[in-house]
>>> print(open('run-v1.cif').read())   # mmCIF, C-alpha atoms
data_start
#
loop_
_atom_site.label_atom_id
_atom_site.label_comp_id
_atom_site.auth_asym_id
_atom_site.auth_seq_id
_atom_site.Cartn_x
_atom_site.Cartn_y
_atom_site.Cartn_z
CA MET A 1 -8.23 -17.25 21.21
CA LYS A 2 -5.89 -17.97 24.11
CA LEU A 3 -3.73 -21.03 23.63
CA LEU A 4 -1.25 -22.71 25.92
CA ALA A 5 2.10 -23.96 24.66
CA ARG A 6 3.98 -26.48 26.77
CA VAL A 7 7.66 -26.14 25.82
CA ILE A 8 10.24 -28.74 26.85
CA VAL A 9 13.93 -27.89 26.57
CA THR A 10 16.54 -30.63 27.05
CA PRO A 11 20.33 -30.70 26.78
CA LYS A 12 21.43 -32.20 23.45
CA PRO A 13 22.63 -35.82 23.75
CA VAL A 14 26.21 -34.73 22.90
CA VAL A 15 26.25 -32.17 25.72
CA ASN A 16 27.52 -33.37 29.07
CA ASP A 17 24.76 -32.85 31.67
CA PRO A 18 26.40 -32.72 35.10
CA GLN A 19 23.05 -31.92 36.77
CA GLY A 20 21.53 -35.08 35.33
CA GLY A 21 24.58 -37.06 36.43
CA THR A 22 24.27 -35.74 39.98
CA VAL A 23 20.56 -36.58 40.15
CA LYS A 24 21.26 -40.05 38.79
CA GLY A 25 23.88 -40.59 41.49
CA ALA A 26 21.41 -39.49 44.18
CA LEU A 27 18.74 -41.82 42.82
CA HIS A 28 21.20 -44.72 42.91
CA ARG A 29 22.06 -43.89 46.52
CA LEU A 30 18.35 -43.97 47.33
CA GLY A 31 18.17 -47.50 45.98
CA PHE A 32 16.78 -46.77 42.51
CA GLU A 33 19.42 -48.91 40.84
CA SER A 34 17.24 -49.38 37.77
CA VAL A 35 17.97 -45.78 36.68
CA SER A 36 20.35 -45.83 33.71
CA GLU A 37 20.24 -42.16 32.74
CA VAL A 38 18.86 -38.80 33.91
CA ARG A 39 18.81 -35.63 31.82
CA VAL A 40 17.69 -32.39 33.43
CA GLY A 41 16.01 -29.80 31.23
CA LYS A 42 13.38 -27.07 31.50
CA TYR A 43 9.62 -26.92 31.15
CA ILE A 44 8.10 -23.60 30.05
CA GLU A 45 4.41 -22.71 29.72
CA VAL A 46 3.64 -19.91 27.28
CA THR A 47 0.11 -18.56 26.88
CA VAL A 48 -0.41 -16.85 23.52
CA GLU A 49 -3.21 -15.09 21.71
CA ALA A 50 -3.62 -16.58 18.22
CA ALA A 51 -6.30 -17.09 15.55
CA ASP A 52 -5.84 -20.86 15.64
CA GLU A 53 -3.45 -23.63 16.69
CA ASP A 54 -1.36 -23.33 13.52
CA GLU A 55 -0.69 -19.65 14.09
CA ALA A 56 0.17 -20.34 17.73
CA ARG A 57 2.58 -23.08 16.64
CA ARG A 58 4.28 -20.68 14.22
CA GLN A 59 4.64 -18.07 16.96
CA VAL A 60 6.00 -20.52 19.54
CA SER A 61 8.36 -22.08 17.02
CA ASP A 62 9.80 -18.61 16.39
CA MET A 63 10.10 -18.00 20.16
CA CYS A 64 11.97 -21.28 20.57
CA ARG A 65 14.37 -20.39 17.78
CA LYS A 66 15.06 -16.86 19.01
CA LEU A 67 15.04 -17.19 22.79
CA LEU A 68 13.59 -20.19 24.59
CA ALA A 69 16.36 -22.62 23.59
CA ASN A 70 20.03 -22.25 22.70
CA HIS A 71 20.42 -24.52 19.70
CA VAL A 72 24.14 -25.00 20.32
CA ILE A 73 23.41 -27.00 23.45
CA GLU A 74 19.67 -27.66 23.67
CA ASP A 75 16.85 -29.48 21.87
CA VAL A 76 13.34 -28.11 22.13
CA ARG A 77 9.85 -29.49 21.50
CA PHE A 78 6.39 -28.19 22.33
CA GLN A 79 2.68 -28.81 22.02
CA VAL A 80 -0.12 -26.28 21.75
CA GLU A 81 -3.43 -26.77 23.55
CA ARG A 82 -6.55 -24.82 24.48
CA PRO A 83 -6.11 -24.01 28.19
CA GLN A 84 -9.34 -25.75 29.28
CA GLU A 85 -8.29 -28.89 27.37
CA ALA A 86 -4.93 -28.61 29.01
CA VAL A 87 -6.54 -28.69 32.45
CA ALA A 88 -8.65 -31.73 31.51
CA HIS A 89 -5.60 -33.35 29.94
CA GLY A 90 -3.61 -32.68 33.05
CA ARG A 91 -6.25 -34.26 35.28
CA ALA A 92 -6.63 -37.30 33.05
CA HIS A 93 -3.02 -38.14 32.38
CA GLU A 94 -0.82 -36.63 35.04
CA SER A 95 -0.75 -38.17 38.47
CA GLU A 96 0.60 -36.13 41.32
CA ALA A 97 3.55 -37.56 43.14
CA THR A 98 2.69 -38.22 46.76
CA PRO A 99 5.63 -38.18 49.12
CA THR A 100 5.62 -41.26 51.26
CA GLY A 101 8.89 -40.92 53.11
CA MET C 1 41.13 6.29 23.65
CA LYS C 2 37.96 5.57 25.59
CA PHE C 3 36.73 2.37 27.29
CA GLY C 4 33.01 1.67 27.65
CA VAL C 5 31.66 -0.62 30.36
CA VAL C 6 28.15 -1.97 29.77
CA VAL C 7 25.86 -2.16 32.79
CA PHE C 8 22.97 -4.63 32.70
CA PRO C 9 20.64 -5.13 35.67
CA GLY C 10 22.54 -7.73 37.72
CA THR C 11 26.01 -6.84 36.41
CA TRP C 12 28.44 -6.81 39.33
CA SER C 13 31.93 -6.32 37.88
CA ASP C 14 31.25 -3.00 36.14
CA ARG C 15 32.82 -0.87 38.90
CA ASP C 16 35.85 -3.17 39.11
CA CYS C 17 36.42 -2.74 35.36
CA GLY C 18 35.78 1.00 35.65
CA TRP C 19 38.26 1.30 38.53
CA VAL C 20 41.02 -0.38 36.52
CA VAL C 21 40.34 1.87 33.51
CA THR C 22 40.31 5.19 35.36
CA GLU C 23 42.37 4.66 38.52
CA VAL C 24 44.98 2.12 37.45
CA LEU C 25 45.26 2.74 33.72
CA GLY C 26 44.34 6.44 33.81
CA ALA C 27 42.20 6.10 30.68
CA GLU C 28 38.81 7.58 29.78
CA LEU C 29 35.67 5.68 30.76
CA GLU C 30 31.95 5.70 29.98
CA TYR C 31 29.40 3.46 31.63
CA LEU C 32 26.89 2.28 29.02
CA TRP C 33 23.40 1.57 30.37
CA HIS C 34 21.69 -1.49 28.86
CA LYS C 35 18.71 0.58 27.65
CA ASP C 36 20.93 3.03 25.75
CA ARG C 37 21.90 2.55 22.14
CA ASP C 38 24.61 5.21 22.13
CA LEU C 39 28.11 3.79 22.65
CA LYS C 40 29.33 7.36 23.34
CA GLY C 41 32.35 7.16 21.08
CA CYS C 42 33.99 4.31 23.01
CA ASP C 43 36.86 2.49 21.28
CA CYS C 44 36.64 -0.69 23.34
CA VAL C 45 33.38 -1.94 24.85
CA ILE C 46 33.63 -4.23 27.87
CA LEU C 47 30.78 -6.57 28.80
CA PRO C 48 31.62 -7.25 32.44
CA GLY C 49 30.88 -10.11 34.80
CA GLY C 50 27.80 -10.66 36.92
CA PHE C 51 24.34 -12.07 36.54
CA SER C 52 22.71 -9.95 33.83
CA TYR C 53 18.92 -10.15 34.11
CA GLY C 54 19.36 -12.62 36.95
CA ASP C 55 20.77 -15.27 34.57
CA HIS C 56 17.12 -16.14 33.94
CA LEU C 57 16.42 -18.79 31.28
CA ARG C 58 20.15 -19.14 30.45
CA THR C 59 23.21 -17.05 31.29
CA GLY C 60 23.30 -14.10 28.88
CA ALA C 61 20.10 -15.14 27.09
CA ILE C 62 18.06 -12.06 27.95
CA ALA C 63 20.94 -9.57 27.91
CA ARG C 64 21.63 -10.28 24.25
CA PHE C 65 18.30 -8.69 23.29
CA SER C 66 18.87 -5.48 25.25
CA PRO C 67 19.02 -2.22 23.25
CA VAL C 68 22.74 -1.70 23.95
CA MET C 69 23.56 -5.09 22.39
CA GLU C 70 22.12 -3.99 19.04
CA SER C 71 24.74 -1.23 19.01
CA VAL C 72 27.49 -3.52 20.32
CA THR C 73 26.74 -6.03 17.53
CA ARG C 74 26.95 -3.31 14.87
CA PHE C 75 30.11 -1.92 16.50
CA ALA C 76 31.72 -5.39 16.41
CA ALA C 77 30.70 -5.90 12.77
CA HIS C 78 32.58 -2.69 11.90
CA GLY C 79 35.73 -3.90 13.65
CA GLY C 80 35.17 -2.28 17.06
CA LEU C 81 36.85 -3.94 20.03
CA VAL C 82 34.42 -5.90 22.20
CA TRP C 83 35.65 -7.64 25.34
CA GLY C 84 33.37 -10.02 27.22
CA ILE C 85 34.51 -11.12 30.66
CA CYS C 86 32.74 -13.98 32.48
CA ASN C 87 29.03 -13.14 32.09
CA GLY C 88 30.11 -10.94 29.16
CA PHE C 89 31.59 -14.02 27.44
CA GLN C 90 28.26 -15.81 28.00
CA VAL C 91 26.40 -12.86 26.45
CA LEU C 92 28.74 -12.88 23.41
CA CYS C 93 28.10 -16.60 22.83
CA GLU C 94 24.32 -16.19 23.21
CA SER C 95 24.36 -13.29 20.77
CA GLY C 96 26.31 -15.28 18.19
CA LEU C 97 29.28 -12.87 18.20
CA LEU C 98 31.36 -15.84 19.37
CA PRO C 99 30.76 -19.53 18.61
CA GLY C 100 29.82 -22.16 21.19
CA ALA C 101 28.18 -21.88 24.59
CA LEU C 102 29.06 -21.88 28.29
CA ILE C 103 27.32 -24.56 30.31
CA ARG C 104 27.26 -25.66 33.96
CA ASN C 105 30.70 -26.46 35.40
CA ASP C 106 31.31 -30.20 35.26
CA SER C 107 31.71 -30.17 39.05
CA CYS C 108 28.22 -28.61 39.41
CA GLU C 109 29.94 -26.17 41.79
CA PHE C 110 30.50 -22.43 41.60
CA ARG C 111 34.26 -22.07 41.27
CA CYS C 112 36.07 -19.10 42.77
CA ALA C 113 39.81 -19.66 42.45
CA TRP C 114 43.06 -18.51 40.92
CA THR C 115 43.84 -20.14 37.59
CA ASP C 116 46.89 -20.23 35.35
CA LEU C 117 46.33 -19.42 31.69
CA VAL C 118 48.67 -20.01 28.81
CA VAL C 119 48.59 -17.33 26.12
CA GLU C 120 47.98 -18.90 22.70
CA ARG C 121 47.69 -15.64 20.74
CA ASP C 122 49.86 -12.57 21.28
CA ASP C 123 48.79 -10.94 18.01
CA THR C 124 45.41 -9.63 19.17
CA LEU C 125 44.95 -6.08 20.44
CA PHE C 126 43.94 -7.56 23.80
CA THR C 127 47.15 -9.59 24.23
CA ALA C 128 49.77 -7.54 22.35
CA GLY C 129 51.56 -6.84 25.63
CA THR C 130 52.04 -10.55 26.33
CA ALA C 131 54.04 -13.21 24.52
CA LYS C 132 52.88 -16.53 23.18
CA ARG C 133 53.30 -19.30 25.81
CA ASP C 134 53.34 -16.71 28.64
CA VAL C 135 51.48 -17.97 31.71
CA LEU C 136 49.08 -15.44 33.28
CA ARG C 137 47.56 -15.87 36.74
CA LEU C 138 43.93 -14.70 36.81
CA PRO C 139 41.00 -15.55 39.09
CA ILE C 140 37.81 -17.22 37.94
CA SER C 141 34.42 -16.82 39.63
CA HIS C 142 31.62 -18.69 37.88
CA GLY C 143 29.14 -21.55 37.95
CA GLU C 144 28.72 -21.77 34.18
CA GLY C 145 32.12 -21.47 32.53
CA ASN C 146 32.30 -24.87 30.89
CA TYR C 147 33.01 -24.06 27.22
CA PHE C 148 31.14 -26.27 24.77
CA ALA C 149 31.02 -26.33 20.98
CA ASP C 150 30.05 -29.14 18.64
CA PRO C 151 32.99 -31.11 17.19
CA ALA C 152 32.90 -29.31 13.81
CA THR C 153 32.87 -25.85 15.43
CA LEU C 154 35.61 -26.82 17.87
CA SER C 155 37.78 -28.13 15.06
CA LEU C 156 37.29 -24.90 13.09
CA LEU C 157 38.16 -22.81 16.17
CA GLU C 158 41.44 -24.67 16.51
CA GLN C 159 42.25 -24.58 12.78
CA ARG C 160 41.62 -20.85 12.69
CA ASN C 161 43.69 -20.32 15.81
CA GLN C 162 40.87 -18.61 17.70
CA VAL C 163 41.75 -19.94 21.15
CA VAL C 164 43.51 -17.13 23.06
CA PHE C 165 43.77 -18.60 26.58
CA ARG C 166 43.77 -22.16 27.95
CA TYR C 167 43.75 -23.28 31.58
CA CYS C 168 47.16 -24.75 32.36
CA GLN C 169 49.54 -25.73 35.14
CA PRO C 170 51.82 -22.99 36.52
CA ASP C 171 54.53 -24.25 34.14
CA GLY C 172 52.27 -23.72 31.12
CA LEU C 173 51.41 -27.35 30.50
CA VAL C 174 47.78 -27.79 29.41
CA VAL C 175 46.49 -30.83 31.32
CA PRO C 176 43.02 -31.99 32.42
CA ALA C 177 43.91 -31.45 36.10
CA ALA C 178 44.32 -27.70 35.42
CA ASN C 179 40.81 -27.44 33.97
CA PRO C 180 38.52 -25.90 36.62
CA ASN C 181 35.16 -26.34 34.88
CA GLY C 182 35.25 -29.04 32.19
CA SER C 183 35.79 -26.69 29.23
CA LEU C 184 36.56 -28.52 25.99
CA HIS C 185 40.28 -28.30 25.11
CA ASN C 186 40.81 -26.37 28.40
CA ILE C 187 39.44 -23.26 26.66
CA ALA C 188 39.34 -20.15 28.87
CA GLY C 189 39.08 -17.49 26.15
CA ILE C 190 38.46 -17.20 22.40
CA VAL C 191 38.31 -14.51 19.71
CA ASN C 192 36.14 -14.23 16.62
CA ARG C 193 37.80 -14.82 13.23
CA GLU C 194 38.59 -11.14 12.80
CA GLY C 195 40.18 -10.96 16.26
CA ASN C 196 38.24 -7.89 17.47
CA VAL C 197 35.83 -9.73 19.80
CA LEU C 198 37.32 -11.51 22.81
CA GLY C 199 35.42 -13.61 25.33
CA MET C 200 37.08 -15.00 28.45
CA MET C 201 35.86 -16.52 31.71
CA PRO C 202 38.72 -15.37 34.03
CA HIS C 203 38.63 -11.86 35.50
CA PRO C 204 41.54 -9.58 34.49
CA GLU C 205 39.90 -6.62 36.28
CA ARG C 206 40.29 -8.41 39.60
CA CYS C 207 44.06 -8.73 39.38
CA ALA C 208 45.31 -5.39 38.09
CA GLU C 209 46.90 -4.18 41.33
CA ALA C 210 49.45 -5.85 43.61
CA GLU C 211 47.11 -5.31 46.59
CA LEU C 212 44.70 -7.78 44.98
CA GLY C 213 47.29 -10.53 44.70
CA GLY C 214 48.50 -10.03 41.15
CA THR C 215 48.80 -7.65 38.22
CA ASP C 216 48.61 -9.99 35.23
CA GLY C 217 45.15 -8.67 34.38
CA LEU C 218 46.54 -5.20 33.86
CA LYS C 219 48.65 -6.52 30.95
CA LEU C 220 45.46 -7.05 28.95
CA PHE C 221 43.99 -3.61 29.75
CA ARG C 222 47.34 -1.99 28.93
CA SER C 223 47.57 -3.92 25.64
CA VAL C 224 44.26 -2.40 24.54
CA LEU C 225 45.24 1.12 25.63
CA ASP C 226 48.69 0.91 24.01
CA SER C 227 47.23 -0.38 20.75
CA PHE C 228 45.30 2.90 20.48
CA THR C 229 47.94 5.28 21.77
CA GLY C 230 50.66 3.84 19.57
CA VAL C 231 52.99 2.60 22.31
CA PRO C 232 54.91 -0.36 20.92
CA ALA C 233 54.16 -3.59 22.79
#
>>> encode(input="run-v1.cif", output="structure tokens")
Amino acid sequence: MKLLARVIVTPKPVVNDPQGGTVKGALHRLGFESVSEVRVGKYIEVTVEAADEDEARRQVSDMCRKLLANHVIEDVRFQVERPQEAVAHGRAHESEATPTG
Amino acid sequence: MKFGVVVFPGTWSDRDCGWVVTEVLGAELEYLWHKDRDLKGCDCVILPGGFSYGDHLRTGAIARFSPVMESVTRFAAHGGLVWGICNGFQVLCESGLLPGALIRNDSCEFRCAWTDLVVERDDTLFTAGTAKRDVLRLPISHGEGNYFADPATLSLLEQRNQVVFRYCQPDGLVVPAANPNGSLHNIAGIVNREGNVLGMMPHPERCAEAELGGTDGLKLFRSVLDSFTGVPA
């Protein structure tokens, strides 16, 4: 079956993240003074063919180790879903940001 | 003695390196296509600067899995000279041939500037024509040249004397103000433990002729050539 892995890669806490720092500064300038920290990472969607979720997790874990993250500087986590569930999940739990300015 | 210059899609300094090898140094040259596994008998393989595979995912991340890198890794393991410049340094770190990683410059800006580098090792084949504490003037041109390693790795690098170049003032003093990108310990270039794999962010191939504003880069190319042709440094 086709399964969707949502992979999130973030800079390790010990790694200086100048991008995050710059975004934080911009948020402060916009008046969001409540922001104490911003870390900028990557979000990767990988669709895989696998017998079941466990096999997909093994495959994606291997991909993360070999390519998707550099373990010197990045942490990585992921979840595996059936694509149709993912769509439903997305509708139920993710609200779209509406620009108001 | 023959130099090899690897060409990945997106490499942009290959012809500059090739020019220095053939026109300035008068040495033999082979371009090595990323899909080829044959290193064509080269004695020193250069991984030049650029944006291999568009820098997609991370700098050097895709290039490390190219067919030519399998051969370069084997070549390095058998003591072959491998020289990564700028993007080449990033590829060497991604492939594990050198420790650490190169992350976004602390300024978040692409930096294109002349830098001064103090030579910390004059006993490698790449630096035999220089002397320890010499100051070389080489240009940098990168957005991700900020050298990072975890504290344990960094400490080992220093203990094992693997730092070859550090950003410094023109008088050789290593100070934070001379650091163009936020690299830990002002690191601009390192070697592996065996000393046959060098990675450096500055571009020696762009300052090998007086017309380009300096010739300090040529000292490194000549060091490699002389180490093979038996000319005493």
>>> interface_residues(input="run-v1.cif", of="chain C", to="chain A", cutoff="8 Å", atoms="only C-alpha atoms", output="list in words")
Leu57, Ala61, Ile62, Glu94, Gly100, Ala101, Arg104, Asn105, Asp106, Ser107, Cys108, Phe148, Ala149 and Asp150 of chain C
>>> residues_around(input="run-v1.cif", residues="Gly25 of chain A", least_positions_apart="6", cutoff="10 Å", atoms="all atoms listed in the file", output="number ranges by chain")
A: 19, 32-33, 35, 37-38
>>> residues_around(input="run-v1.cif", residues="Cys64 of chain A", least_positions_apart="4", cutoff="12 Å", atoms="only C-alpha atoms", output="count of residues only")
22
>>> residues_near_point(input="run-v1.cif", point="(46.9, -7.4, 38.3)", cutoff="12 Å", atoms="all atoms listed in the file", output="list in words")
Asp16, Cys17, Val20, Val24, Leu25, Leu136, Arg137, Leu138, Pro139, His203, Pro204, Glu205, Arg206, Cys207, Ala208, Glu209, Ala210, Glu211, Leu212, Gly213, Gly214, Thr215, Asp216, Gly217, Leu218, Lys219, Leu220, Phe221 and Arg222 of chain C
>>> resolve_selection(input="run-v1.cif", expression="the PyMOL selection byres ((chain A and resi 3) around 6)", output="PyMOL selection string")
chain A and resi 2+4+47-48+81-83
>>> residues_around(input="run-v1.cif", residues="Phe89 of chain C", least_positions_apart="5", cutoff="12 Å", atoms="all atoms listed in the file", output="JSON, numbers by chain")
{"C": [46, 47, 48, 49, 50, 51, 52, 59, 60, 61, 63, 64, 82, 83, 84, 94, 95, 96, 97, 98, 99, 100, 101, 102, 103, 142, 144, 145, 146, 147, 188, 189, 190, 191, 192, 197, 198, 199, 200, 201, 202, 203]}
>>> write_last_selection(input="run-v1.cif", atoms="C-alpha atoms", output="CSV table (one decimal), in the coordinates of the input")
chain,number,residue,atom,x,y,z
C,46,ILE,CA,33.6,-4.2,27.9
C,47,LEU,CA,30.8,-6.6,28.8
C,48,PRO,CA,31.6,-7.2,32.4
C,49,GLY,CA,30.9,-10.1,34.8
C,50,GLY,CA,27.8,-10.7,36.9
C,51,PHE,CA,24.3,-12.1,36.5
C,52,SER,CA,22.7,-10.0,33.8
C,59,THR,CA,23.2,-17.0,31.3
C,60,GLY,CA,23.3,-14.1,28.9
C,61,ALA,CA,20.1,-15.1,27.1
C,63,ALA,CA,20.9,-9.6,27.9
C,64,ARG,CA,21.6,-10.3,24.2
C,82,VAL,CA,34.4,-5.9,22.2
C,83,TRP,CA,35.6,-7.6,25.3
C,84,GLY,CA,33.4,-10.0,27.2
C,94,GLU,CA,24.3,-16.2,23.2
C,95,SER,CA,24.4,-13.3,20.8
C,96,GLY,CA,26.3,-15.3,18.2
C,97,LEU,CA,29.3,-12.9,18.2
C,98,LEU,CA,31.4,-15.8,19.4
C,99,PRO,CA,30.8,-19.5,18.6
C,100,GLY,CA,29.8,-22.2,21.2
C,101,ALA,CA,28.2,-21.9,24.6
C,102,LEU,CA,29.1,-21.9,28.3
C,103,ILE,CA,27.3,-24.6,30.3
C,142,HIS,CA,31.6,-18.7,37.9
C,144,GLU,CA,28.7,-21.8,34.2
C,145,GLY,CA,32.1,-21.5,32.5
C,146,ASN,CA,32.3,-24.9,30.9
C,147,TYR,CA,33.0,-24.1,27.2
C,188,ALA,CA,39.3,-20.2,28.9
C,189,GLY,CA,39.1,-17.5,26.2
C,190,ILE,CA,38.5,-17.2,22.4
C,191,VAL,CA,38.3,-14.5,19.7
C,192,ASN,CA,36.1,-14.2,16.6
C,197,VAL,CA,35.8,-9.7,19.8
C,198,LEU,CA,37.3,-11.5,22.8
C,199,GLY,CA,35.4,-13.6,25.3
C,200,MET,CA,37.1,-15.0,28.4
C,201,MET,CA,35.9,-16.5,31.7
C,202,PRO,CA,38.7,-15.4,34.0
C,203,HIS,CA,38.6,-11.9,35.5
>>> atom_distance(input="run-v1.cif", atom1="atom CA of Ala113 of chain C", atom2="atom CA of Pro180 of chain C")
8.6 Å
>>> atom_distance(input="run-v1.cif", atom1="atom CA of Asp54 of chain A", atom2="atom CA of Thr10 of chain A")
23.6 Å
>>> decode(input="run-v1.cif", residues="segment 162-230 of chain C", atoms="C-alpha atoms", output="PDB file, in the first residue's frame")
ATOM      1  CA  GLN C 162      43.869  18.784  12.125  1.00  0.00           C
ATOM      2  CA  VAL C 163      43.172  22.494  11.633  1.00  0.00           C
ATOM      3  CA  VAL C 164      45.225  23.671   8.639  1.00  0.00           C
ATOM      4  CA  PHE C 165      43.906  27.224   8.104  1.00  0.00           C
ATOM      5  CA  ARG C 166      42.188  29.752  10.383  1.00  0.00           C
ATOM      6  CA  TYR C 167      40.717  33.133   9.462  1.00  0.00           C
ATOM      7  CA  CYS C 168      42.962  35.816  10.931  1.00  0.00           C
ATOM      8  CA  GLN C 169      43.905  39.482  10.769  1.00  0.00           C
ATOM      9  CA  PRO C 170      46.546  40.483   8.189  1.00  0.00           C
ATOM     10  CA  ASP C 171      49.157  40.220  10.975  1.00  0.00           C
ATOM     11  CA  GLY C 172      48.212  36.596  11.656  1.00  0.00           C
ATOM     12  CA  LEU C 173      46.281  37.170  14.854  1.00  0.00           C
ATOM     13  CA  VAL C 174      43.221  34.911  15.102  1.00  0.00           C
ATOM     14  CA  VAL C 175      40.410  37.119  16.433  1.00  0.00           C
ATOM     15  CA  PRO C 176      36.596  36.979  16.193  1.00  0.00           C
ATOM     16  CA  ALA C 177      36.535  40.126  14.018  1.00  0.00           C
ATOM     17  CA  ALA C 178      38.487  38.252  11.296  1.00  0.00           C
ATOM     18  CA  ASN C 179      35.892  35.465  11.168  1.00  0.00           C
ATOM     19  CA  PRO C 180      33.687  36.013   8.092  1.00  0.00           C
ATOM     20  CA  ASN C 181      31.053  33.339   8.720  1.00  0.00           C
ATOM     21  CA  GLY C 182      30.902  32.277  12.384  1.00  0.00           C
ATOM     22  CA  SER C 183      33.090  29.167  12.029  1.00  0.00           C
ATOM     23  CA  LEU C 184      34.015  27.612  15.368  1.00  0.00           C
ATOM     24  CA  HIS C 185      37.628  28.413  16.335  1.00  0.00           C
ATOM     25  CA  ASN C 186      37.882  30.534  13.133  1.00  0.00           C
ATOM     26  CA  ILE C 187      38.319  27.289  11.162  1.00  0.00           C
ATOM     27  CA  ALA C 188      38.765  27.793   7.408  1.00  0.00           C
ATOM     28  CA  GLY C 189      40.301  24.411   6.521  1.00  0.00           C
ATOM     29  CA  ILE C 190      40.930  20.996   8.087  1.00  0.00           C
ATOM     30  CA  VAL C 191      42.563  17.677   7.184  1.00  0.00           C
ATOM     31  CA  ASN C 192      41.628  14.129   8.128  1.00  0.00           C
ATOM     32  CA  ARG C 193      43.841  12.340  10.669  1.00  0.00           C
ATOM     33  CA  GLU C 194      46.030  10.853   7.957  1.00  0.00           C
ATOM     34  CA  GLY C 195      46.518  14.267   6.328  1.00  0.00           C
ATOM     35  CA  ASN C 196      45.601  13.186   2.769  1.00  0.00           C
ATOM     36  CA  VAL C 197      42.122  14.772   2.668  1.00  0.00           C
ATOM     37  CA  LEU C 198      41.923  18.565   2.897  1.00  0.00           C
ATOM     38  CA  GLY C 199      38.739  20.624   3.006  1.00  0.00           C
ATOM     39  CA  MET C 200      38.801  24.422   2.886  1.00  0.00           C
ATOM     40  CA  MET C 201      36.226  27.147   2.249  1.00  0.00           C
ATOM     41  CA  PRO C 202      38.519  29.794   0.639  1.00  0.00           C
ATOM     42  CA  HIS C 203      39.331  29.543  -3.080  1.00  0.00           C
ATOM     43  CA  PRO C 204      43.040  29.061  -3.922  1.00  0.00           C
ATOM     44  CA  GLU C 205      42.182  28.621  -7.627  1.00  0.00           C
ATOM     45  CA  ARG C 206      40.906  32.192  -7.753  1.00  0.00           C
ATOM     46  CA  CYS C 207      44.184  33.759  -6.674  1.00  0.00           C
ATOM     47  CA  ALA C 208      46.893  31.919  -8.571  1.00  0.00           C
ATOM     48  CA  GLU C 209      47.826  34.741 -10.951  1.00  0.00           C
ATOM     49  CA  ALA C 210      48.813  38.354 -10.250  1.00  0.00           C
ATOM     50  CA  GLU C 211      46.096  39.545 -12.667  1.00  0.00           C
ATOM     51  CA  LEU C 212      43.501  38.195 -10.227  1.00  0.00           C
ATOM     52  CA  GLY C 213      44.853  40.180  -7.294  1.00  0.00           C
ATOM     53  CA  GLY C 214      47.120  37.629  -5.665  1.00  0.00           C
ATOM     54  CA  THR C 215      49.100  34.429  -6.099  1.00  0.00           C
ATOM     55  CA  ASP C 216      48.918  32.860  -2.639  1.00  0.00           C
ATOM     56  CA  GLY C 217      46.591  30.162  -3.951  1.00  0.00           C
ATOM     57  CA  LEU C 218      49.261  28.950  -6.333  1.00  0.00           C
ATOM     58  CA  LYS C 219      51.462  28.029  -3.344  1.00  0.00           C
ATOM     59  CA  LEU C 220      49.016  25.250  -2.472  1.00  0.00           C
ATOM     60  CA  PHE C 221      48.768  23.887  -6.037  1.00  0.00           C
ATOM     61  CA  ARG C 222      52.563  24.019  -6.343  1.00  0.00           C
ATOM     62  CA  SER C 223      52.983  22.226  -2.999  1.00  0.00           C
ATOM     63  CA  VAL C 224      50.945  19.299  -4.328  1.00  0.00           C
ATOM     64  CA  LEU C 225      52.806  19.203  -7.648  1.00  0.00           C
ATOM     65  CA  ASP C 226      56.234  19.454  -5.998  1.00  0.00           C
ATOM     66  CA  SER C 227      55.401  16.706  -3.524  1.00  0.00           C
ATOM     67  CA  PHE C 228      54.990  14.344  -6.486  1.00  0.00           C
ATOM     68  CA  THR C 229      57.841  15.569  -8.651  1.00  0.00           C
ATOM     69  CA  GLY C 230      60.339  15.536  -5.806  1.00  0.00           C
TER      70      GLY C 230
END
